[in-house]
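Since the structure comes first, as structure tokens, the remarks are kept for the end.
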2 protein chains.
Amino acid sequence: MTSTLSRAIANYPNRFDPAVLDALPDRLQDTIRRRTEVLGPGYTLIYRTPVEFVSGHGAHLVDRDGNDYLDAYNNVPCVGHAHPHVVEAVTRQMSAVNINTRYVQDSLVDYAERLLATFPAELSKLSIACSGSEANDLAMRVARFHTGAEGIIVTRWAYHGITREVASFSPTLGAGSPLGPNVRLIDPPDPRLVAPGSTLADHMRAQVRGAIDDLERHGYRLAALVTDGAYSSDGIFTDPVGYLKAMVEEVHKAGGVYIADEVQSGFARLGESMWGFARHGVVPDIVTMGKPMGNGLPVSGVVFRPEVSDEFGRNVRYFNTFGGSSIPVAAAAAVLDVFEQENVQQCVLENGTALRAGLEEITRESPYVAEVRGSGLYVGIELVKDRETREPDRALAEDVINDLRDRRVLISGTARGANVLKIRPPLAFDAADVTRFLETFAQVAQDRL
Amino acid sequence: MTSTLSRAIANYPNRFDPAVLDALPDRLQDTIRRRTEVLGPGYTLIYRTPVEFVSGHGAHLVDRDGNDYLDAYNNVPCVGHAHPHVVEAVTRQMSAVNINTRYVQDSLVDYAERLLATFPAELSKLSIACSGSEANDLAMRVARFHTGAEGIIVTRWAYHGITREVASFSPTLGAGSPLGPNVRLIDPPDPRLVAPGSTLADHMRAQVRGAIDDLERHGYRLAALVTDGAYSSDGIFTDPVGYLKAMVEEVHKAGGVYIADEVQSGFARLGESMWGFARHGVVPDIVTMGKPMGNGLPVSGVVFRPEVSDEFGRNVRYFNTFGGSSIPVAAAAAVLDVFEQENVQQCVLENGTALRAGLEEITRESPYVAEVRGSGLYVGIELVKDRETREPDRALAEDVINDLRDRRVLISGTARGANVLKIRPPLAFDAADVTRFLETFAQVAQDRL
């Protein structure tokens with residue numbers, strides 16, 4: 001089965017390899033065979049032995065045999081799997097009515113007001129869609145309309161989504177998914193790429209400037225720079241902050257807009273603020289968000305400066321049937337409730353700091369750990385064959401990920417070399433979860449790191 | 001407020017005109033003002049006096065004052081507003097766990113098998129997404145990859161969705177949203193466009209052939225013909241059937257694929273079959289579906305012939321976070337349950353036939369009704385200034401729609417001239433609903449038609 005897979009797919013981090021299907025337990029084999037029979041493109045399993053869950057709570061998932069797994073990977077159930085407040089709010093709304101935005105609904109307006117209150121005043125308009133891909137697609141449609149330009153800049157291994165437009169500026173999708181001729185790639189903000197004597201801000205400014213020059217040389221003016229606030233698929237780069245201002249200055253000088261993709265970094269994931277861009281003291285022109293917004297109900301959003309979006313709104317018909325309809329809005333509002341009731345951002349900050357400190361402690365002496373990095377509850381651990389050369393060690397990363405999985409702790413991998421451990425639990429990950437994670441990680445580290 | 005709206009937006013059928021906001025009741029004014037303040041592009045209300053609902057059941061919606069409205073317009077809540085079986089299934093799943101497709105889940109495989117059983121055997125692979133737009137976007141990505149070509153043919157006033165790619169082949173979005181240079185428009189299958197002595201099949205074949213020739217003359221080979229199975233935004237053309245075979249033959253001769261967009265016409269809407277294409281005795285290469293699939297939960301799907309999609313799957317990474325996750329799949333499975341339990345398709349056929357017969361009876365003598373058409377519970381009534389010239393009468397259509405709304409019956413309008421009444425109730429529309437609809441319609445017809 002694998003022999004026919006392209007390199008683009010084979011390079012998927014922590015992908016289950018169907019070639020070893022025969023080695024799995026019978027029941028799992030059977031389900032995977034049936035699955036392969038009926039599902040179309042887009043269904044990659046993860047782990048050497050895929051997992052199946054029947055229930056969840058907090059940062060925990062429970063399999064068919066009643067085994068409890070610590071979920072340190074899923075960002076969608078941000079306030080915790082099956083959070084009762086969200087379940088109750090959605091059930092109540094479903095039992096009453098679900099209606100789209102062509103009808104008046106107080107709940108939609110109430111939600112928009114509440115969400116926008118978490119943004120700087122300049123960002124004052126919300127459109128709701130279904131997925132991060134739809135959000136980024138709309139953001140880019142508006143950016144293109146507003147600027148009348150086509151050029152797009154993203155980081156070298158960025159992922160922004162899977163519509164045709166958004167895939168055209170998502171290099172992580174690999175060679176099977178061509179980049180647009182109007183797309184240029186720049187370094188992620190990895191301080192180790194900065195030349196001696198320079199600064200990260202100067203480096204990133206020069207990257208953007210160079211991309212703009214190259215676009216213009218090919219006849220494209222700049223529409224937008226888009227960055228993922230956590231540079232997730234580039235390998236997770238959250239610190240130091242501050243360089244973003246220089247990048248946005250260059251973008252504005254060239255007539256483009258800056259789109260902050262907060263699908264990964266938004267909703268307090270980075271602990272220090274509700275939105276990743278806020279850590280940089282920058283106000284984007286457009287902000288997109290998705291995955292955790294409805295704790296599992298499909299909902300995403302785009303927040304605009306009105307001077308960027310108003311003209312599009314006056315000239316382009318856009319109606320998103322499910323976006324902004326009653327059920328997803330009920331879920332999204334319930335998530336904001338829980339953020340307030342459970343003081344989520346502060347918990348993320350505290351538990352994330354403890355998690356990173358423990359991981360640094362465990363890995364300090366390892367010759368295979370180039371760096372532990374991250375912010376809040378988003379942690380990357382870069383595994384290498386040698387600390388000097390930083391040659392990626394994908395095999396080691398997959399061994400660690402699967403050893404953890406066998407000990408019932410779930411993480412996965414990222415980065416172009418698939419050598420960065422990606423630790424991104426539900427925000428409900430509490431102090432006891434941190435302790436369990438560190439204890440289990442220490443066991444695996446003893447064998448592998 | 002309206003003065004700044006482009007013609008593209010101003011032409012939106014049955015659009016609420018913000019210029020008359022001051023004439024509305026205070027509370028409604030207040031909500032709409034707040035809404036305008038915080039919402040971005042994409043939020044058009046409908047009706048001269050917009051409506052707000054707090055609950056629903058079957059084909060009925062209830063406003064804040066307890067008034068019951070007959071919903072003859074919303075296709076999303078197909079098995080009925082707040083259907084208890086769907087509510088219960090989704091609540092049960094939400095309370096247990098919601099997980100994405102990187103994890104093994106029997107429920108996803110079970111659903112795919114059940115849904116695919118409603119298709120001809122050649123269509124054997126399912127991918128799940130969030131919205132009809134995402135489904136059509138993926139369908140076209142696969143069509144482009146499979147054919148290596150770019151040309152797209154759609155009907156003259158088609159609507160397929162709102163991603164950048166899909167908007168580029170959705171002419172109904174108007175001048176503010178440019179069509180791709182690779183897109184060609186053909187007539188919808190309106191028998192009145194057929195020259196004397198010809199047939200609808202020959203006419204439609206010639207339309208497709210002409211579009212292919214024009215594409216090739218401009219350097220584009222054909223990737224796909226896409227048609228909406230009900231030609232909803234073209235004005236609703238469901239009969240006669242049979243011409244589709246000729247169109248698909250031309251498409252295949254040119255190396256393209258045929259995509260049946262069943263977002264409107266699927267799930268038994270047309271009464272005679274589960275899918276619109278089945279009425280034509282044709283098996284498409286790709287089928288897309290959306291709105292009614294989860295009775296309000298955001299979920300959509302793409303069904304493929306494997307020989308069209310497999311190579312894409314082997315070469316292109318595609319992961320849809322919410323598509324195929326547990327909650328939307330639970331909703332979609334519950335919808336199929338209700339289809340079986342309540343014999344939905346047969347009810348649609350019977351109630352749709354009675355509805356159309358009644359409408360034909362009421363409008364037979366009217367000089368302003370050019371045609372009552374449709375199939376199952378999808379009915380279009382074309383209103384004209386004169387039966388001979390068939391000049392569209394948009395004002396009359398809006399009067400009828402709003403008179404019905406004032407009598408608490410909900411429909412809306414469609415077609416390029418916004419002059420076709422669009423009657424598309426939940427499939428739960430029963431015999432009593434048909435009676436109430438016809439009685440109310442007869443009152444309005446007496447004044448207006």
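We label chains A, B, ... in the order they appear in the structure tokens, count residues from 1 in each chain, and number ligands from 1 in the order shown.
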Using only C-alpha atoms, which protein or nucleic acid residues come within 6 Å of region 99-107 of chain A? Drop anything in the same chain fewer than 2 positions from it, and give the result as a VMD selection string. (chain A and resid 109 to 110 325 to 326) or (chain B and resid 44 to 46 51 to 52)
Show which residues sit within 9 Å of region 262-267 of chain A, as a PyMOL selection string. Count only C-alpha atoms, and ignore same-chain residues fewer than 3 positions away. chain A and resi 75+78+132+160+227-232+270-271+273-277+287-293+300+339+345+378
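Between CA of Val308 (chain A) and CA of Asp285 (chain A) there is a distance of 7.0 Å.
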Within 10 Å of Ala357 (chain A), counting only C-alpha atoms, which residues qualify if same-chain residues fewer than 5 places away don't, as number ranges by chain? A: 351-352, 362, 372, 438
For the residues in that selection, give me N, CA and C atoms as an mmCIF file, in the first residue's frame.
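The new file selection17.cif reads:
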```cif
data_model
loop_
_atom_site.group_PDB
_atom_site.id
_atom_site.type_symbol
_atom_site.label_atom_id
_atom_site.label_comp_id
_atom_site.auth_asym_id
_atom_site.auth_seq_id
_atom_site.Cartn_x
_atom_site.Cartn_y
_atom_site.Cartn_z
ATOM 1 N N ASN A 351 0.403 26.409 33.833
ATOM 2 C CA ASN A 351 0.699 25.007 33.532
ATOM 3 C C ASN A 351 1.702 24.885 32.388
ATOM 4 N N GLY A 352 1.624 25.804 31.451
ATOM 5 C CA GLY A 352 2.584 25.788 30.344
ATOM 6 C C GLY A 352 3.996 26.076 30.833
ATOM 7 N N ILE A 362 14.430 17.773 32.140
ATOM 8 C CA ILE A 362 14.618 16.372 31.736
ATOM 9 C C ILE A 362 15.602 16.240 30.577
ATOM 10 N N VAL A 372 14.225 23.080 23.575
ATOM 11 C CA VAL A 372 12.828 23.020 24.029
ATOM 12 C C VAL A 372 12.303 24.442 23.889
ATOM 13 N N LEU A 438 5.176 14.786 32.617
ATOM 14 C CA LEU A 438 6.625 14.849 32.859
ATOM 15 C C LEU A 438 7.162 13.505 33.337
#
```
Using only C-alpha atoms for the distances, tell me which of A:His57, A:Arg141, A:Arg373, A:Arg364 is nearest to Val420 (chain A). A:Arg373
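With distances restricted to only C-alpha atoms, B:Val54 is the closest residue to chain A from B:Val54, B:Ala395, B:Leu410, B:Val154.
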If you run DSSP on this backbone, which residues of region 15-116 of chain B come out as strand (DSSP E or B), and could you give them as a ChimeraX atom specification? /B:15,39,46,52-58,60-63,68-71,81,104
